[in-house]
>>> print(open('upload-v7.cif').read())   # mmCIF, C-alpha atoms
data_upload
loop_
_atom_site.label_atom_id
_atom_site.label_comp_id
_atom_site.auth_asym_id
_atom_site.auth_seq_id
_atom_site.Cartn_x
_atom_site.Cartn_y
_atom_site.Cartn_z
CA MET A 706 67.19 -253.89 -50.17
CA THR A 707 65.35 -254.90 -53.30
CA LYS A 708 61.86 -253.45 -53.54
CA LYS A 709 58.90 -254.31 -55.71
CA VAL A 710 57.42 -251.18 -57.24
CA LEU A 711 54.10 -250.88 -59.07
CA VAL A 712 54.20 -248.18 -61.76
CA LEU A 713 50.74 -246.88 -62.71
CA GLY A 714 50.62 -245.17 -66.10
CA ALA A 715 53.83 -246.92 -67.06
CA HIS A 716 53.79 -245.69 -70.67
CA GLY A 717 54.12 -242.01 -69.66
CA GLN A 718 57.30 -240.16 -70.58
CA ILE A 719 58.42 -239.57 -66.97
CA ALA A 720 57.45 -243.12 -66.04
CA GLN A 721 59.61 -244.60 -68.78
CA LEU A 722 62.59 -242.47 -67.69
CA ALA A 723 62.04 -243.60 -64.09
CA GLU A 724 61.79 -247.23 -65.20
CA LYS A 725 65.14 -246.88 -66.99
CA GLU A 726 66.77 -245.46 -63.85
CA PHE A 727 65.25 -248.18 -61.67
CA MET A 728 66.70 -250.79 -64.02
CA GLU A 729 70.16 -249.20 -64.25
CA GLU A 730 70.68 -247.85 -60.73
CA THR A 731 68.77 -250.22 -58.41
CA ASP A 732 67.97 -253.92 -58.02
CA ASP A 733 64.25 -253.20 -57.71
CA GLU A 734 61.60 -255.21 -59.53
CA LEU A 735 58.85 -253.38 -61.40
CA LYS A 736 55.24 -254.09 -62.24
CA LEU A 737 54.35 -251.88 -65.21
CA PHE A 738 50.61 -251.16 -65.22
CA LEU A 739 49.02 -249.42 -68.20
CA ARG A 740 46.16 -249.47 -70.66
CA ASN A 741 47.02 -251.48 -73.77
CA ALA A 742 50.08 -253.27 -72.45
CA LYS A 743 51.30 -254.04 -75.98
CA ARG A 744 52.65 -250.48 -76.11
CA LEU A 745 55.44 -251.36 -73.67
CA THR A 746 58.24 -253.91 -74.02
CA PRO A 747 60.19 -254.56 -70.83
CA SER A 748 63.94 -253.97 -71.06
CA ASN A 749 64.58 -256.70 -68.49
CA PRO A 750 61.82 -259.37 -68.37
CA ASP A 751 63.47 -260.93 -65.29
CA ARG A 752 62.73 -257.78 -63.27
CA GLU A 753 59.79 -256.21 -65.12
CA THR A 754 56.24 -257.50 -65.50
CA VAL A 755 53.76 -255.71 -67.79
CA ILE A 756 50.12 -255.60 -66.65
CA ASP A 757 47.19 -254.43 -68.78
CA GLY A 758 44.73 -252.52 -66.61
CA ASP A 759 42.63 -249.48 -65.80
CA ALA A 760 43.80 -247.34 -62.88
CA ALA A 761 40.17 -246.53 -61.99
CA ASN A 762 39.40 -250.26 -61.51
CA VAL A 763 39.90 -251.17 -57.85
CA ASP A 764 39.91 -254.94 -58.41
CA GLN A 765 42.57 -254.72 -61.13
CA LEU A 766 44.66 -252.46 -58.90
CA LYS A 767 44.35 -254.83 -55.94
CA ASP A 768 45.54 -257.74 -58.07
CA ALA A 769 48.51 -255.69 -59.31
CA MET A 770 49.44 -254.60 -55.76
CA GLN A 771 49.99 -258.12 -54.42
CA GLY A 772 53.50 -258.35 -52.99
CA VAL A 773 54.34 -254.72 -53.77
CA ASP A 774 56.38 -252.41 -51.49
CA ALA A 775 55.58 -249.08 -53.16
CA VAL A 776 53.31 -247.54 -55.78
CA TYR A 777 54.37 -244.79 -58.19
CA ALA A 778 51.37 -243.21 -59.92
CA ASN A 779 52.04 -241.34 -63.16
CA LEU A 780 48.38 -240.91 -64.11
CA ALA A 781 46.40 -238.41 -66.17
CA GLY A 782 42.92 -237.85 -67.57
CA ASN A 783 39.61 -236.21 -66.80
CA ASN A 784 38.90 -238.90 -64.19
CA ILE A 785 42.13 -238.36 -62.24
CA ALA A 786 40.22 -237.91 -58.95
CA ASP A 787 38.39 -241.21 -59.49
CA GLN A 788 41.74 -242.86 -60.18
CA ALA A 789 43.10 -241.38 -56.93
CA LYS A 790 40.15 -242.81 -54.98
CA ALA A 791 40.65 -246.23 -56.59
CA VAL A 792 44.40 -246.22 -55.82
CA VAL A 793 43.82 -245.31 -52.15
CA GLU A 794 41.08 -247.93 -51.78
CA ALA A 795 43.24 -250.65 -53.36
CA MET A 796 46.29 -249.71 -51.27
CA ASP A 797 44.22 -249.74 -48.08
CA ALA A 798 42.81 -253.16 -49.01
CA THR A 799 46.24 -254.68 -49.76
CA GLY A 800 48.17 -252.99 -46.95
CA VAL A 801 50.62 -251.18 -49.25
CA LYS A 802 51.56 -247.86 -47.63
CA ARG A 803 54.13 -246.06 -49.81
CA LEU A 804 52.79 -243.90 -52.67
CA VAL A 805 54.51 -241.38 -54.92
CA TRP A 806 51.84 -239.40 -56.78
CA ILE A 807 52.62 -237.07 -59.70
CA SER A 808 50.48 -233.93 -59.75
CA THR A 809 51.22 -230.47 -61.19
CA LEU A 810 52.25 -227.01 -60.10
CA GLY A 811 49.53 -224.52 -59.17
CA ILE A 812 47.01 -226.81 -57.49
CA TYR A 813 47.15 -224.77 -54.27
CA ASP A 814 47.40 -221.43 -56.10
CA GLU A 815 50.99 -221.45 -54.85
CA VAL A 816 52.64 -220.06 -57.99
CA PRO A 817 53.33 -216.33 -57.47
CA GLY A 818 53.33 -213.34 -59.77
CA LYS A 819 52.85 -213.15 -63.52
CA PHE A 820 53.93 -216.76 -63.98
CA GLY A 821 51.21 -217.84 -61.56
CA GLU A 822 48.59 -215.86 -63.50
CA TRP A 823 49.80 -217.37 -66.78
CA ASN A 824 49.90 -220.88 -65.29
CA ASN A 825 46.36 -220.59 -63.93
CA SER A 826 44.92 -219.30 -67.19
CA THR A 827 46.82 -221.83 -69.31
CA LEU A 828 45.97 -224.90 -67.21
CA GLY A 829 42.44 -223.83 -66.22
CA SER A 830 40.18 -226.72 -65.16
CA TYR A 831 43.16 -229.10 -65.28
CA LEU A 832 44.25 -227.55 -61.97
CA THR A 833 40.86 -228.17 -60.37
CA ARG A 834 40.91 -231.85 -61.37
CA TYR A 835 44.46 -232.37 -60.15
CA ARG A 836 43.71 -230.56 -56.89
CA SER A 837 40.74 -232.86 -56.31
CA ALA A 838 43.00 -235.88 -56.80
CA ALA A 839 45.70 -234.49 -54.51
CA ASP A 840 43.05 -233.83 -51.83
CA VAL A 841 42.09 -237.53 -51.97
CA ILE A 842 45.72 -238.61 -51.56
CA GLU A 843 46.41 -236.13 -48.74
CA ALA A 844 43.28 -237.20 -46.84
CA SER A 845 44.45 -240.84 -46.84
CA ASP A 846 46.54 -242.54 -44.16
CA LEU A 847 49.12 -243.61 -46.76
CA ASP A 848 52.82 -242.73 -46.67
CA TYR A 849 52.34 -240.51 -49.69
CA THR A 850 54.47 -237.93 -51.43
CA VAL A 851 52.70 -235.63 -53.88
CA VAL A 852 55.12 -234.33 -56.52
CA ARG A 853 54.26 -231.03 -58.25
CA PRO A 854 56.62 -230.52 -61.21
CA ALA A 855 57.19 -227.19 -62.94
CA TRP A 856 56.63 -227.06 -66.72
CA LEU A 857 58.44 -230.01 -68.20
CA THR A 858 61.35 -230.09 -70.64
CA ASN A 859 63.13 -232.96 -72.38
CA HIS A 860 66.58 -231.66 -71.45
CA ASP A 861 69.09 -234.41 -70.65
CA GLU A 862 69.87 -233.13 -67.16
CA ILE A 863 69.17 -233.81 -63.50
CA GLU A 864 68.97 -230.49 -61.70
CA TYR A 865 66.23 -229.59 -59.26
CA GLU A 866 65.18 -228.09 -55.94
CA PHE A 867 62.10 -228.56 -53.74
CA THR A 868 59.51 -226.26 -52.25
CA GLN A 869 56.99 -227.49 -49.70
CA LYS A 870 53.23 -227.05 -49.57
CA GLY A 871 52.51 -223.63 -48.10
CA GLU A 872 55.60 -222.09 -49.72
CA ASP A 873 55.67 -220.10 -52.95
CA PHE A 874 56.59 -222.23 -55.94
CA LYS A 875 60.00 -221.40 -57.44
CA GLY A 876 61.14 -221.44 -61.06
CA THR A 877 59.15 -222.16 -64.21
CA GLU A 878 60.53 -225.42 -65.62
CA VAL A 879 62.23 -228.73 -64.83
CA SER A 880 63.36 -231.70 -66.91
CA ARG A 881 61.36 -234.92 -67.08
CA LYS A 882 64.63 -236.71 -66.31
CA SER A 883 64.87 -234.74 -63.04
CA ILE A 884 61.34 -235.73 -62.02
CA ALA A 885 62.08 -239.37 -62.85
CA HIS A 886 65.19 -239.20 -60.66
CA VAL A 887 63.16 -237.66 -57.82
CA VAL A 888 60.65 -240.52 -58.04
CA VAL A 889 63.37 -243.18 -57.83
CA ASP A 890 65.07 -241.37 -54.96
CA LEU A 891 61.82 -240.96 -52.99
CA ILE A 892 61.09 -244.68 -53.26
CA GLN A 893 64.66 -245.81 -52.59
CA ASN A 894 65.16 -243.61 -49.53
CA ASN A 895 61.56 -243.27 -48.28
CA THR A 896 61.83 -239.50 -47.81
CA GLU A 897 59.31 -236.62 -47.91
CA ILE A 898 56.61 -238.77 -46.28
CA LYS A 899 53.22 -237.01 -46.14
CA HIS A 900 54.69 -234.02 -47.99
CA SER A 901 53.57 -232.27 -51.16
CA ILE A 902 56.71 -231.04 -52.90
CA GLY A 903 57.11 -228.56 -55.73
CA VAL A 904 60.02 -229.47 -58.00
CA ASN A 905 61.77 -226.95 -60.27
CA LYS A 906 65.12 -226.32 -61.88
CA PRO A 907 66.93 -223.58 -59.93
CA ASN A 908 67.29 -220.13 -61.49
CA THR A 909 64.47 -220.53 -64.01
CA ASP A 910 62.25 -217.75 -62.65
CA GLY A 911 60.27 -215.77 -65.20
CA ASP A 912 56.81 -214.85 -66.45
CA LYS A 913 56.56 -218.22 -68.22
CA PRO A 914 58.90 -221.04 -69.30
CA ASN A 915 61.49 -219.60 -71.68
CA TRP A 916 60.72 -222.22 -74.33
CA TYR A 917 56.97 -221.61 -74.38
#
>>> encode(input="upload-v7.cif", output="structure tokens")
Amino acid sequence: MTKKVLVLGAHGQIAQLAEKEFMEETDDELKLFLRNAKRLTPSNPDRETVIDGDAANVDQLKDAMQGVDAVYANLAGNNIADQAKAVVEAMDATGVKRLVWISTLGIYDEVPGKFGEWNNSTLGSYLTRYRSAADVIEASDLDYTVVRPAWLTNHDEIEYEFTQKGEDFKGTEVSRKSIAHVVVDLIQNNTEIKHSIGVNKPNTDGDKPNWY
């Protein structure tokens, strides 16, 4: 079944990889929502629409969500919690239920050992902001999935495993291509509803990512 998917933060690296997979592996139609829409040229104008907008603006989000089956939020910034509130409000107003929300590892202090200590000190207040946003999403009545990637690489590979909220995070890194694939799979198959999943490449345990 063809779905219409709204991509928030469509210029992000993971978002662009996900958009490519949507175009190549599904029949879905995409609305690509970003600041300064001139930065993005659709690969298939018949299936992709580019929308210039601010993800903290509820009215712009509501307009973009008309006729949409799912929202994939690849957002960042100091106001990430405000963006989360705006996304939830707009989805509630338009009746869209399915949300895939990209967060980060460590928001629940779930990363064990020396790597956890390093992650906390390296990310600092970033974790607090992303936790606040995840709290907003998890308190909603949406069919959300929060995705918490390990440290990201540009390796051309799809290899990953999940941990659930409440479990220790595993591994130290994962490819952006893997996260993009996870996003497409979550939306295609409607899995991991109301879950917060950690995503890592297997067998990458260590005190920090080996490339750092």
>>> atom_distance(input="upload-v7.cif", atom1="atom CA of A:Glu878", atom2="atom CA of A:Asn905")
5.7 Å
>>> atom_distance(input="upload-v7.cif", atom1="atom CA of A:Ile812", atom2="atom CA of A:Asp861")
26.8 Å
>>> resolve_selection(input="upload-v7.cif", expression="the PyMOL selection byres ((chain A and resi 780) around 10)", output="number ranges by chain")
A: 712-717, 720, 739, 760, 777-779, 781-782, 784-785, 788-789, 806-808
>>> write_last_selection(input="upload-v7.cif", atoms="C-alpha atoms", output="compact mmCIF listing (two decimals), keeping the file's coordinate frame")
# COMPACT_ATOMS: atom_id res chain seq x y z
CA VAL A 712 54.20 -248.18 -61.76
CA LEU A 713 50.74 -246.88 -62.71
CA GLY A 714 50.62 -245.17 -66.10
CA ALA A 715 53.83 -246.92 -67.06
CA HIS A 716 53.79 -245.69 -70.67
CA GLY A 717 54.12 -242.01 -69.66
CA ALA A 720 57.45 -243.12 -66.04
CA LEU A 739 49.02 -249.42 -68.20
CA ALA A 760 43.80 -247.34 -62.88
CA TYR A 777 54.37 -244.79 -58.19
CA ALA A 778 51.37 -243.21 -59.92
CA ASN A 779 52.04 -241.34 -63.16
CA ALA A 781 46.40 -238.41 -66.17
CA GLY A 782 42.92 -237.85 -67.57
CA ASN A 784 38.90 -238.90 -64.19
CA ILE A 785 42.13 -238.36 -62.24
CA GLN A 788 41.74 -242.86 -60.18
CA ALA A 789 43.10 -241.38 -56.93
CA TRP A 806 51.84 -239.40 -56.78
CA ILE A 807 52.62 -237.07 -59.70
CA SER A 808 50.48 -233.93 -59.75
>>> atom_distance(input="upload-v7.cif", atom1="atom CA of A:Thr754", atom2="atom CA of A:Lys736")
4.8 Å
>>> resolve_selection(input="upload-v7.cif", expression="the PyMOL selection byres ((chain A and resi 904) around 10)", output="PDB file with C-alpha atoms, in the frame of the given file")
ATOM      1  CA  THR A 809      51.220-230.470 -61.190  1.00  0.00           C
ATOM      2  CA  LEU A 810      52.250-227.010 -60.100  1.00  0.00           C
ATOM      3  CA  VAL A 852      55.120-234.330 -56.520  1.00  0.00           C
ATOM      4  CA  ARG A 853      54.260-231.030 -58.250  1.00  0.00           C
ATOM      5  CA  PRO A 854      56.620-230.520 -61.210  1.00  0.00           C
ATOM      6  CA  ALA A 855      57.190-227.190 -62.940  1.00  0.00           C
ATOM      7  CA  TRP A 856      56.630-227.060 -66.720  1.00  0.00           C
ATOM      8  CA  GLU A 864      68.970-230.490 -61.700  1.00  0.00           C
ATOM      9  CA  TYR A 865      66.230-229.590 -59.260  1.00  0.00           C
ATOM     10  CA  GLU A 866      65.180-228.090 -55.940  1.00  0.00           C
ATOM     11  CA  PHE A 867      62.100-228.560 -53.740  1.00  0.00           C
ATOM     12  CA  THR A 868      59.510-226.260 -52.250  1.00  0.00           C
ATOM     13  CA  GLN A 869      56.990-227.490 -49.700  1.00  0.00           C
ATOM     14  CA  PHE A 874      56.590-222.230 -55.940  1.00  0.00           C
ATOM     15  CA  LYS A 875      60.000-221.400 -57.440  1.00  0.00           C
ATOM     16  CA  GLY A 876      61.140-221.440 -61.060  1.00  0.00           C
ATOM     17  CA  THR A 877      59.150-222.160 -64.210  1.00  0.00           C
ATOM     18  CA  GLU A 878      60.530-225.420 -65.620  1.00  0.00           C
ATOM     19  CA  VAL A 879      62.230-228.730 -64.830  1.00  0.00           C
ATOM     20  CA  SER A 880      63.360-231.700 -66.910  1.00  0.00           C
ATOM     21  CA  SER A 883      64.870-234.740 -63.040  1.00  0.00           C
ATOM     22  CA  ILE A 884      61.340-235.730 -62.020  1.00  0.00           C
ATOM     23  CA  VAL A 887      63.160-237.660 -57.820  1.00  0.00           C
ATOM     24  CA  SER A 901      53.570-232.270 -51.160  1.00  0.00           C
ATOM     25  CA  ILE A 902      56.710-231.040 -52.900  1.00  0.00           C
ATOM     26  CA  GLY A 903      57.110-228.560 -55.730  1.00  0.00           C
ATOM     27  CA  ASN A 905      61.770-226.950 -60.270  1.00  0.00           C
ATOM     28  CA  LYS A 906      65.120-226.320 -61.880  1.00  0.00           C
ATOM     29  CA  PRO A 907      66.930-223.580 -59.930  1.00  0.00           C
TER      30      PRO A 907
END
>>> closest_residue(input="upload-v7.cif", among="A:Gln718, A:Asn894, A:Ser845, A:Thr799", to="A:Gln771", atoms="all atoms listed in the file")
A:Thr799
>>> resolve_selection(input="upload-v7.cif", expression="the PyMOL selection byres ((chain A and resi 843) around 12)", output="list in words")
Ala789, Lys790, Val793, Leu804, Val805, Trp806, Ser808, Arg836, Ser837, Ala838, Ala839, Asp840, Val841, Ile842, Ala844, Ser845, Asp846, Leu847, Asp848, Tyr849, Thr850, Val851, Val852, Lys870, Ile898, Lys899, His900 and Ser901 of chain A
>>> residues_around(input="upload-v7.cif", residues="A:Asn825", least_positions_apart="2", cutoff="12 Å", atoms="only C-alpha atoms", output="count of residues only")
23
>>> closest_residue(input="upload-v7.cif", among="A:Val755, A:Val889, A:Ala798, A:Ala742", to="A:Leu722", atoms="all atoms listed in the file")
A:Val889
>>> closest_residue(input="upload-v7.cif", among="A:Pro747, A:Asn741, A:Leu857, A:Lys802", to="A:Glu724", atoms="all atoms listed in the file")
A:Pro747
>>> residues_near_point(input="upload-v7.cif", point="(60.0, -258.2, -66.4)", cutoff="12 Å", atoms="only C-alpha atoms", output="list in words")
Lys709, Val710, Leu711, Glu724, Met728, Asp733, Glu734, Leu735, Lys736, Leu737, Phe738, Leu745, Thr746, Pro747, Ser748, Asn749, Pro750, Asp751, Arg752, Glu753, Thr754, Val755 and Ile756 of chain A
>>> decode(input="upload-v7.cif", residues="stretch 737-768 of chain A", atoms="N, CA and C atoms", output="PDB file, in the first residue's frame")
ATOM      1  N   LEU A 737       8.706  16.709   1.667  1.00  0.00           N
ATOM      2  CA  LEU A 737      10.021  17.020   2.231  1.00  0.00           C
ATOM      3  C   LEU A 737       9.983  18.423   2.830  1.00  0.00           C
ATOM      4  N   PHE A 738       9.987  18.489   4.150  1.00  0.00           N
ATOM      5  CA  PHE A 738       9.770  19.731   4.894  1.00  0.00           C
ATOM      6  C   PHE A 738      11.101  20.178   5.491  1.00  0.00           C
ATOM      7  N   LEU A 739      11.514  21.400   5.198  1.00  0.00           N
ATOM      8  CA  LEU A 739      12.801  21.887   5.704  1.00  0.00           C
ATOM      9  C   LEU A 739      12.835  23.401   5.638  1.00  0.00           C
ATOM     10  N   ARG A 740      13.765  23.980   6.396  1.00  0.00           N
ATOM     11  CA  ARG A 740      14.049  25.402   6.251  1.00  0.00           C
ATOM     12  C   ARG A 740      14.850  25.606   4.962  1.00  0.00           C
ATOM     13  N   ASN A 741      14.529  26.658   4.235  1.00  0.00           N
ATOM     14  CA  ASN A 741      15.244  26.994   3.003  1.00  0.00           C
ATOM     15  C   ASN A 741      15.162  25.840   2.005  1.00  0.00           C
ATOM     16  N   ALA A 742      13.990  25.671   1.447  1.00  0.00           N
ATOM     17  CA  ALA A 742      13.701  24.526   0.581  1.00  0.00           C
ATOM     18  C   ALA A 742      14.576  24.480  -0.667  1.00  0.00           C
ATOM     19  N   LYS A 743      15.205  25.597  -1.011  1.00  0.00           N
ATOM     20  CA  LYS A 743      16.066  25.606  -2.205  1.00  0.00           C
ATOM     21  C   LYS A 743      17.253  24.655  -2.058  1.00  0.00           C
ATOM     22  N   ARG A 744      17.554  24.245  -0.817  1.00  0.00           N
ATOM     23  CA  ARG A 744      18.703  23.360  -0.606  1.00  0.00           C
ATOM     24  C   ARG A 744      18.449  21.946  -1.120  1.00  0.00           C
ATOM     25  N   LEU A 745      17.203  21.625  -1.435  1.00  0.00           N
ATOM     26  CA  LEU A 745      16.857  20.240  -1.766  1.00  0.00           C
ATOM     27  C   LEU A 745      16.156  20.186  -3.125  1.00  0.00           C
ATOM     28  N   THR A 746      16.663  19.315  -3.997  1.00  0.00           N
ATOM     29  CA  THR A 746      16.026  19.084  -5.288  1.00  0.00           C
ATOM     30  C   THR A 746      15.468  17.670  -5.301  1.00  0.00           C
ATOM     31  N   PRO A 747      14.169  17.509  -5.500  1.00  0.00           N
ATOM     32  CA  PRO A 747      13.603  16.162  -5.468  1.00  0.00           C
ATOM     33  C   PRO A 747      14.151  15.305  -6.607  1.00  0.00           C
ATOM     34  N   SER A 748      14.393  14.036  -6.313  1.00  0.00           N
ATOM     35  CA  SER A 748      14.874  13.111  -7.347  1.00  0.00           C
ATOM     36  C   SER A 748      13.729  12.667  -8.249  1.00  0.00           C
ATOM     37  N   ASN A 749      12.506  12.699  -7.697  1.00  0.00           N
ATOM     38  CA  ASN A 749      11.336  12.268  -8.457  1.00  0.00           C
ATOM     39  C   ASN A 749      10.173  13.216  -8.146  1.00  0.00           C
ATOM     40  N   PRO A 750      10.042  14.304  -8.932  1.00  0.00           N
ATOM     41  CA  PRO A 750       9.007  15.312  -8.629  1.00  0.00           C
ATOM     42  C   PRO A 750       7.585  14.763  -8.643  1.00  0.00           C
ATOM     43  N   ASP A 751       7.376  13.605  -9.297  1.00  0.00           N
ATOM     44  CA  ASP A 751       6.036  13.008  -9.305  1.00  0.00           C
ATOM     45  C   ASP A 751       5.667  12.448  -7.931  1.00  0.00           C
ATOM     46  N   ARG A 752       6.665  12.100  -7.137  1.00  0.00           N
ATOM     47  CA  ARG A 752       6.407  11.478  -5.829  1.00  0.00           C
ATOM     48  C   ARG A 752       6.931  12.289  -4.659  1.00  0.00           C
ATOM     49  N   GLU A 753       7.634  13.378  -4.930  1.00  0.00           N
ATOM     50  CA  GLU A 753       8.222  14.187  -3.856  1.00  0.00           C
ATOM     51  C   GLU A 753       7.806  15.647  -4.008  1.00  0.00           C
ATOM     52  N   THR A 754       7.345  16.215  -2.895  1.00  0.00           N
ATOM     53  CA  THR A 754       6.997  17.634  -2.844  1.00  0.00           C
ATOM     54  C   THR A 754       7.869  18.301  -1.784  1.00  0.00           C
ATOM     55  N   VAL A 755       8.505  19.411  -2.128  1.00  0.00           N
ATOM     56  CA  VAL A 755       9.377  20.126  -1.184  1.00  0.00           C
ATOM     57  C   VAL A 755       8.594  21.276  -0.566  1.00  0.00           C
ATOM     58  N   ILE A 756       8.653  21.370   0.766  1.00  0.00           N
ATOM     59  CA  ILE A 756       7.909  22.386   1.510  1.00  0.00           C
ATOM     60  C   ILE A 756       8.882  23.174   2.384  1.00  0.00           C
ATOM     61  N   ASP A 757       8.848  24.494   2.245  1.00  0.00           N
ATOM     62  CA  ASP A 757       9.681  25.371   3.078  1.00  0.00           C
ATOM     63  C   ASP A 757       8.925  25.654   4.371  1.00  0.00           C
ATOM     64  N   GLY A 758       9.524  25.323   5.519  1.00  0.00           N
ATOM     65  CA  GLY A 758       8.808  25.556   6.769  1.00  0.00           C
ATOM     66  C   GLY A 758       9.680  25.409   7.999  1.00  0.00           C
ATOM     67  N   ASP A 759       9.100  25.789   9.124  1.00  0.00           N
ATOM     68  CA  ASP A 759       9.757  25.753  10.428  1.00  0.00           C
ATOM     69  C   ASP A 759       9.039  24.709  11.282  1.00  0.00           C
ATOM     70  N   ALA A 760       9.787  23.715  11.759  1.00  0.00           N
ATOM     71  CA  ALA A 760       9.174  22.610  12.504  1.00  0.00           C
ATOM     72  C   ALA A 760       8.687  23.016  13.890  1.00  0.00           C
ATOM     73  N   ALA A 761       8.904  24.260  14.301  1.00  0.00           N
ATOM     74  CA  ALA A 761       8.333  24.754  15.550  1.00  0.00           C
ATOM     75  C   ALA A 761       7.041  25.541  15.299  1.00  0.00           C
ATOM     76  N   ASN A 762       6.630  25.645  14.030  1.00  0.00           N
ATOM     77  CA  ASN A 762       5.449  26.422  13.660  1.00  0.00           C
ATOM     78  C   ASN A 762       4.270  25.468  13.446  1.00  0.00           C
ATOM     79  N   VAL A 763       3.339  25.469  14.383  1.00  0.00           N
ATOM     80  CA  VAL A 763       2.236  24.502  14.355  1.00  0.00           C
ATOM     81  C   VAL A 763       1.388  24.656  13.105  1.00  0.00           C
ATOM     82  N   ASP A 764       1.094  25.884  12.689  1.00  0.00           N
ATOM     83  CA  ASP A 764       0.243  26.086  11.520  1.00  0.00           C
ATOM     84  C   ASP A 764       0.901  25.556  10.250  1.00  0.00           C
ATOM     85  N   GLN A 765       2.207  25.798  10.102  1.00  0.00           N
ATOM     86  CA  GLN A 765       2.918  25.276   8.930  1.00  0.00           C
ATOM     87  C   GLN A 765       2.932  23.742   8.948  1.00  0.00           C
ATOM     88  N   LEU A 766       3.108  23.176  10.126  1.00  0.00           N
ATOM     89  CA  LEU A 766       3.099  21.714  10.245  1.00  0.00           C
ATOM     90  C   LEU A 766       1.713  21.146   9.900  1.00  0.00           C
ATOM     91  N   LYS A 767       0.676  21.779  10.382  1.00  0.00           N
ATOM     92  CA  LYS A 767      -0.681  21.295  10.095  1.00  0.00           C
ATOM     93  C   LYS A 767      -0.962  21.312   8.601  1.00  0.00           C
ATOM     94  N   ASP A 768      -0.545  22.373   7.933  1.00  0.00           N
ATOM     95  CA  ASP A 768      -0.729  22.440   6.479  1.00  0.00           C
ATOM     96  C   ASP A 768       0.014  21.290   5.787  1.00  0.00           C
TER      97      ASP A 768
END
